[in-house]
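For reference, my_file06.txt is printed below; it contains compact mmCIF, C-alpha atoms.
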```
# COMPACT_ATOMS: atom_id res chain seq x y z
CA LYS A 1 -26.08 5.40 -4.99
CA ALA A 2 -22.49 4.83 -6.10
CA SER A 3 -19.30 6.27 -4.66
CA CYS A 4 -16.80 7.71 -7.13
CA LEU A 5 -13.09 7.09 -6.41
CA ALA A 6 -9.96 8.26 -8.25
CA PHE A 7 -6.39 7.06 -7.64
CA HIS A 8 -2.83 8.06 -8.59
CA PRO A 9 0.11 5.64 -8.41
CA ASN A 10 2.08 6.11 -5.21
CA SER A 11 5.72 7.09 -5.85
CA LEU A 12 6.82 4.96 -2.88
CA ILE A 13 5.08 1.62 -2.91
CA LEU A 14 4.35 0.27 0.56
CA ARG A 15 3.16 -3.29 0.32
CA PRO A 16 2.04 -4.85 3.61
CA ASN A 17 2.95 -8.47 4.12
CA PRO A 18 -0.43 -10.12 4.91
CA THR A 19 1.31 -12.73 7.07
CA LEU A 20 2.66 -10.03 9.40
CA SER A 21 1.02 -7.46 11.62
CA ALA A 22 -0.80 -4.49 10.16
CA GLY A 23 2.11 -2.23 11.00
CA THR A 24 4.77 -4.20 9.08
CA CYS A 25 5.49 -3.20 5.48
CA SER A 26 8.06 -3.60 2.74
CA ALA A 27 8.81 -0.80 0.29
CA ARG A 28 10.11 -0.21 -3.23
CA SER A 29 10.13 2.76 -5.56
CA ILE A 30 8.55 3.21 -8.98
CA ALA A 31 8.86 5.88 -11.64
CA ARG A 32 5.75 8.03 -12.01
CA PRO A 33 4.86 8.82 -15.62
CA ALA A 34 4.38 12.45 -16.59
CA LEU A 35 0.80 13.67 -16.83
CA ALA A 36 0.94 14.68 -20.46
CA ARG A 37 -2.09 16.26 -22.11
CA ALA A 38 -4.10 13.67 -23.97
CA SER A 39 -3.63 13.56 -27.72
CA ARG A 40 -6.72 13.95 -29.85
CA GLY A 41 -6.62 10.51 -31.40
CA PRO A 42 -9.44 7.99 -31.91
CA LEU A 43 -9.99 7.76 -28.14
CA TRP A 44 -9.88 11.51 -27.54
CA SER A 45 -12.21 12.60 -24.74
CA ALA A 46 -13.67 16.04 -24.07
CA VAL A 47 -11.95 16.08 -20.65
CA THR A 48 -8.22 15.36 -20.43
CA LYS A 49 -6.70 13.29 -17.68
CA ALA A 50 -4.64 16.22 -16.41
CA GLU A 51 -7.74 18.42 -16.14
CA PHE A 52 -9.62 15.69 -14.28
CA ILE A 53 -6.77 15.19 -11.78
CA GLN A 54 -6.49 18.93 -11.21
CA VAL A 55 -10.17 19.17 -10.30
CA CYS A 56 -9.93 16.12 -8.02
CA LYS A 57 -7.08 17.76 -6.11
CA SER A 58 -8.79 21.16 -5.86
CA GLY A 59 -10.93 20.16 -2.88
CA PRO A 60 -10.18 18.91 0.63
CA LYS A 61 -7.89 15.94 1.28
CA ASN A 62 -9.12 12.80 -0.51
CA GLY A 63 -12.23 14.79 -1.46
CA VAL A 64 -13.72 14.00 1.97
CA GLY A 65 -16.21 16.73 2.85
CA SER A 66 -16.27 18.18 -0.68
CA SER A 67 -19.16 20.40 -1.69
CA GLU A 68 -21.98 18.86 -3.71
CA GLU A 69 -20.90 21.12 -6.56
CA LEU A 70 -17.36 19.69 -6.63
CA ALA A 71 -18.55 16.10 -6.27
CA SER A 72 -20.99 16.56 -9.14
CA LYS A 73 -18.28 18.15 -11.29
CA VAL A 74 -15.88 15.24 -10.71
CA LYS A 75 -18.59 12.73 -11.60
CA ALA A 76 -19.54 14.64 -14.75
CA MET A 77 -15.89 14.80 -15.85
CA CYS A 78 -15.48 11.11 -15.11
CA GLU A 79 -18.24 10.34 -17.60
CA GLU A 80 -16.32 12.30 -20.26
CA LEU A 81 -13.09 10.35 -19.80
CA ILE A 82 -12.43 7.54 -22.26
CA SER A 83 -10.18 4.80 -20.93
CA PRO A 84 -7.25 3.83 -23.16
CA THR A 85 -7.34 0.42 -21.48
CA GLN A 86 -10.10 -1.87 -22.65
CA LYS A 87 -11.40 -4.76 -20.53
CA ILE A 88 -10.01 -3.21 -17.35
CA ALA A 89 -11.34 -6.04 -15.17
CA THR A 90 -8.85 -8.47 -16.72
CA SER A 91 -5.95 -6.05 -17.30
CA SER A 92 -2.77 -6.20 -15.21
CA ILE A 93 -2.40 -2.42 -15.58
CA VAL A 94 -4.33 -2.10 -12.30
CA ASP A 95 -1.54 -3.88 -10.41
CA GLY A 96 0.42 -1.79 -7.93
CA VAL A 97 -0.13 0.64 -5.07
CA TRP A 98 -2.40 3.60 -5.81
CA ARG A 99 -2.94 6.72 -3.71
CA LEU A 100 -6.52 7.94 -3.29
CA ILE A 101 -6.92 11.52 -4.58
CA PHE A 102 -10.70 11.86 -4.53
CA THR A 103 -13.77 10.02 -3.26
CA THR A 104 -17.40 10.80 -2.64
CA THR A 105 -17.68 8.08 -0.01
CA THR A 106 -17.72 8.72 3.74
CA GLY A 107 -16.09 6.75 6.53
CA SER A 108 -12.79 4.93 6.86
CA SER A 109 -12.51 3.91 3.19
CA GLY A 110 -12.08 7.60 2.37
CA GLY A 111 -9.41 8.01 5.03
CA LYS A 112 -11.64 9.38 7.78
CA LEU A 113 -10.60 8.70 11.37
CA GLY A 114 -12.83 10.67 13.72
CA PRO A 115 -12.46 14.35 12.74
CA PHE A 116 -9.22 13.68 10.83
CA VAL A 117 -8.45 12.42 7.31
CA GLY A 118 -5.42 10.25 6.62
CA ASP A 119 -3.66 8.90 3.54
CA VAL A 120 -5.31 6.01 1.73
CA ASP A 121 -3.40 3.60 -0.51
CA GLN A 122 -4.98 0.78 -2.48
CA ASP A 123 -2.55 -2.09 -3.01
CA ILE A 124 -3.87 -4.22 -5.89
CA ARG A 125 -2.12 -7.55 -6.33
CA TYR A 126 -3.49 -8.55 -9.69
CA GLY A 127 -1.77 -11.93 -9.85
CA ASP A 128 -3.31 -12.95 -6.50
CA GLY A 129 -6.79 -11.55 -7.13
CA LYS A 130 -6.44 -9.60 -3.86
CA TYR A 131 -6.33 -5.98 -2.81
CA TYR A 132 -5.61 -4.10 0.41
CA ASN A 133 -7.03 -0.71 1.40
CA ILE A 134 -4.42 0.88 3.65
CA LEU A 135 -5.27 3.92 5.78
CA ARG A 136 -2.49 5.75 7.60
CA LEU A 137 -2.79 8.66 9.99
CA GLY A 138 0.10 9.36 12.34
CA PRO A 139 0.78 6.21 14.37
CA VAL A 140 -2.48 4.57 13.21
CA GLU A 141 -2.64 2.09 10.33
CA ALA A 142 -5.75 0.20 9.23
CA ILE A 143 -5.68 -2.46 6.52
CA LEU A 144 -8.81 -3.90 4.92
CA SER A 145 -8.11 -6.96 2.76
CA ALA A 146 -10.46 -8.19 0.06
CA HIS A 147 -10.64 -10.28 -3.11
CA TRP A 148 -12.60 -9.93 -6.33
CA ASP A 149 -14.44 -11.92 -8.98
CA VAL A 150 -14.65 -10.69 -12.58
CA VAL A 151 -18.28 -9.99 -13.56
CA ASP A 152 -17.69 -8.55 -17.03
CA ASP A 153 -15.06 -6.61 -19.00
CA ASP A 154 -15.13 -3.58 -16.67
CA LYS A 155 -16.70 -4.83 -13.46
CA TRP A 156 -15.61 -6.66 -10.31
CA ASP A 157 -17.60 -8.08 -7.44
CA VAL A 158 -15.45 -7.49 -4.35
CA THR A 159 -15.65 -9.40 -1.07
CA PHE A 160 -14.10 -8.16 2.17
CA ASP A 161 -11.91 -10.67 4.00
CA ASP A 162 -10.59 -9.04 7.17
CA ILE A 163 -9.62 -5.77 8.87
CA LYS A 164 -6.48 -5.07 10.90
CA LEU A 165 -5.87 -1.96 12.99
CA ALA A 166 -2.48 -1.12 14.48
CA VAL A 167 -1.19 1.77 16.61
CA PHE A 168 2.59 2.32 16.76
CA GLY A 169 2.97 -1.06 15.01
CA LEU A 170 0.99 -2.91 17.68
CA THR A 171 -2.07 -4.74 16.33
CA ILE A 172 -5.15 -3.95 18.43
CA VAL A 173 -7.88 -5.18 16.05
CA ASP A 174 -7.72 -8.25 13.79
CA LYS A 175 -11.16 -9.38 12.67
CA GLU A 176 -12.54 -11.43 9.81
CA PHE A 177 -15.76 -10.73 7.96
CA GLY A 178 -18.35 -13.49 7.70
CA SER A 179 -19.85 -14.60 10.99
CA GLU A 180 -18.37 -11.51 12.71
CA ARG A 181 -19.66 -9.14 10.02
CA ASP A 182 -21.77 -6.88 12.24
CA GLN A 183 -19.09 -6.62 14.91
CA THR A 184 -16.45 -5.87 12.26
CA LEU A 185 -18.54 -3.14 10.64
CA GLU A 186 -19.29 -1.67 14.06
CA THR A 187 -15.53 -1.47 14.61
CA LEU A 188 -15.12 0.38 11.31
CA ASP A 189 -17.93 2.80 12.22
CA THR A 190 -16.30 3.51 15.59
CA VAL A 191 -12.87 4.10 14.03
CA ALA A 192 -14.24 6.36 11.30
CA GLY A 193 -16.58 8.28 13.56
CA GLY A 194 -19.44 7.29 11.26
CA ASP A 195 -22.74 5.52 11.81
CA SER A 196 -24.56 2.42 10.67
CA THR A 197 -26.60 4.25 8.00
CA ALA A 198 -23.48 4.43 5.80
CA ARG A 199 -22.76 0.71 6.03
CA SER A 200 -22.73 -1.71 3.15
CA THR A 201 -25.58 -4.23 3.31
CA THR A 202 -23.16 -7.02 2.31
CA ASN A 203 -19.56 -8.05 2.96
CA GLY A 204 -18.40 -6.17 -0.14
CA GLY A 205 -19.81 -4.57 -3.24
CA THR A 206 -19.38 -4.04 -6.97
CA TRP A 207 -16.73 -1.94 -8.73
CA ASP A 208 -17.58 -0.36 -12.06
CA LEU A 209 -14.10 0.26 -13.50
CA LYS A 210 -14.33 3.47 -15.53
CA TYR A 211 -10.74 4.38 -16.42
CA ALA A 212 -7.26 2.90 -16.13
CA ASP A 213 -3.82 3.71 -17.44
CA ALA A 214 -0.33 3.87 -15.94
CA SER A 215 -1.06 7.03 -13.91
CA LEU A 216 -4.80 7.12 -13.15
CA ARG A 217 -7.57 4.76 -12.06
CA VAL A 218 -11.21 5.77 -11.66
CA LEU A 219 -14.07 3.58 -10.49
CA TYR A 220 -17.59 3.65 -9.10
CA ALA A 221 -18.18 1.49 -6.02
CA TYR A 222 -21.68 0.18 -5.32
CA GLY A 223 -22.74 -1.36 -2.03
CA THR A 224 -19.67 -0.19 -0.08
CA GLY A 225 -21.10 3.08 1.19
CA LYS A 226 -23.36 6.00 0.28
CA ASP A 227 -22.81 9.35 -1.32
CA PRO A 228 -22.63 12.37 1.02
```

Would you put the structure from the file into structure tokens?
Amino acid sequence: KASCLAFHPNSLILRPNPTLSAGTCSARSIARPALARASRGPLWSAVTKAEFIQVCKSGPKNGVGSSEELASKVKAMCEELISPTQKIATSSIVDGVWRLIFTTTTGSSGGKLGPFVGDVDQDIRYGDGKYYNILRLGPVEAILSAHWDVVDDDKWDVTFDDIKLAVFGLTIVDKEFGSERDQTLETLDTVAGGDSTARSTTNGGTWDLKYADASLRVLYAYGTGKDP
């Protein structure tokens, strides 16, 4: 099964420097475009972006622990959205830091740390072909780095590179995938309070990029987790 994820641009971009510890970041601000109601032009869709975002935000934080009814509704609305951006996989519109607003996945990628749920930002560095999933909860910060290969116009194959975990700015975990894959995934399971049944069977997965514009990204992730 695929996990559905939706992201908003973060109004305060926090971009970790990969050469520093997981707790060290630089910051800059961006203007967030207004969520205007979609015009009924050639690419008009039955569900507007504003309606979709409203439903995504109607459940628990990040959508973690949502009812099956809400998860199904978000997925159904996602299928009704028509992306104004064509060939998303090769479009620089995905560049920037995006805040997770809804996911059907479980575990740390959805912001889960034990019984708590933190903020999740996805820092996509289009020019480098790299992205960073950044989870923050109080003094804890976890950064998963990965890269992608373009499969077709709207699809990436993603490969995990490493995971860093810091508490109060002090790095306590810094592991690479590859030969240490099982140990790294076990660390993620422990941090998230999950179990091995939700693990990916590879060091990454596939992203089916469904929608992208300046204020919303939606994708389906295969092989990086399981639906609730």

**OP:** For each of A:Trp207, A:Trp98, A:Asn10, A:Tyr222, take the minimum atom-to-atom distance to Lys155 (chain A), counting all atoms listed in the file, then give the residue where this is smallest.
**Re:**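 Of A:Trp207, A:Trp98, A:Asn10, A:Tyr222, the one nearest Lys155 (chain A), counting all atoms listed in the file, is A:Trp207.
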
Subject >> Close residues, Val117 (chain A) itself excluded, 12 Å, only C-alpha atoms, min 4 positions apart in chain, as a list of chain:residue names >> reply: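 Here the answer would be A:Pro60, A:Lys61, A:Asn62, A:Gly63, A:Val64, A:Gly65, A:Leu100, A:Thr106, A:Gly107, A:Ser108, A:Ser109, A:Gly110, A:Gly111, A:Lys112, A:Leu113, A:Leu135, A:Arg136, A:Leu137, A:Gly138, A:Val140, A:Val191, A:Ala192, A:Gly193.
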
Original post:
From the set A:Ala71, A:Asp149, A:Ile93, A:Ala142, which residue has the shortest atom-to-atom contact distance to Val173 (chain A), counting only C-alpha atoms?
Top reply: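 The shortest atom-to-atom distance to Val173 (chain A) comes from A:Ala142.
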
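The neighbours of Lys87 (chain A) here are the residues that come within 10 Å of it, using all atoms listed in the file and leaving out any residue fewer than 6 positions away in the same chain; they are Asp152, Asp153, Asp154, Lys155, Leu209 and Ala212 of chain A.
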
**OP:** Would you mind listing what lies within 9 Å of Phe160 (chain A) as a list of chain:residue names, with only C-alpha atoms counted and same-chain residues fewer than 6 positions away left out?
**Re:** A:Leu144, A:Ser145, A:Ala146, A:His147, A:Trp148, A:Glu176, A:Phe177, A:Gly178, A:Asn203, A:Gly204, A:Gly205

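Computed from the coordinates, the CA of Lys130 (chain A) to CA of Val74 (chain A) distance equals 27.4 Å.
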
Original post:
Which residue out of A:His8, A:Lys164, A:Arg125, A:Arg99 has the minimum interatomic distance to Lys49 (chain A) when only C-alpha atoms are used?
Top reply: A:His8

Original post:
Any idea what's packed within 9 Å of Val47 (chain A), counting all atoms listed in the file, ignoring anything in its chain fewer than 4 positions away? Could you give it as a VMD selection string?
Top reply: chain A and resid 38 51 to 52 77 to 78 80 to 82

Original post:
Which value, in Å to one decimal, gives the distance between CA of Asp157 (chain A) and CA of Ala50 (chain A)?
Top reply: 29.0 Å

**OP:** May I ask which of the residues A:Ile53, A:Val167, A:Leu216, A:Val158 is the closest one to Phe7 (chain A), counting all atoms listed in the file?
**Re:**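 With all atoms listed in the file as the atom set, the closest residue is A:Leu216.
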
Original post:
Between CA of Thr103 (chain A) and CA of Asp123 (chain A), what is the distance, to one decimal in Å?
Top reply: 16.5 Å

Subject >> For Gly223 (chain A), the nearest of the candidates A:Ile124, A:Thr206, A:Ala6, A:Ser72, counting only C-alpha atoms >> reply: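 The closest residue to Gly223 (chain A) is A:Thr206.
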
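Considering the residues A:Ala221, A:Tyr211, A:Ile134, A:Gln122 and counting all atoms listed in the file, Gln86 (chain A) has its shortest atom-to-atom contact with A:Tyr211.
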
Centre and edges of the region 113-126 of chain A box, axis-aligned, 5 Å extra per side, as AutoDock Vina command-line options:
```
--center_x -7.5 --center_y 2.9 --center_z 2.0 --size_x 20.7 --size_y 32.9 --size_z 33.4
```
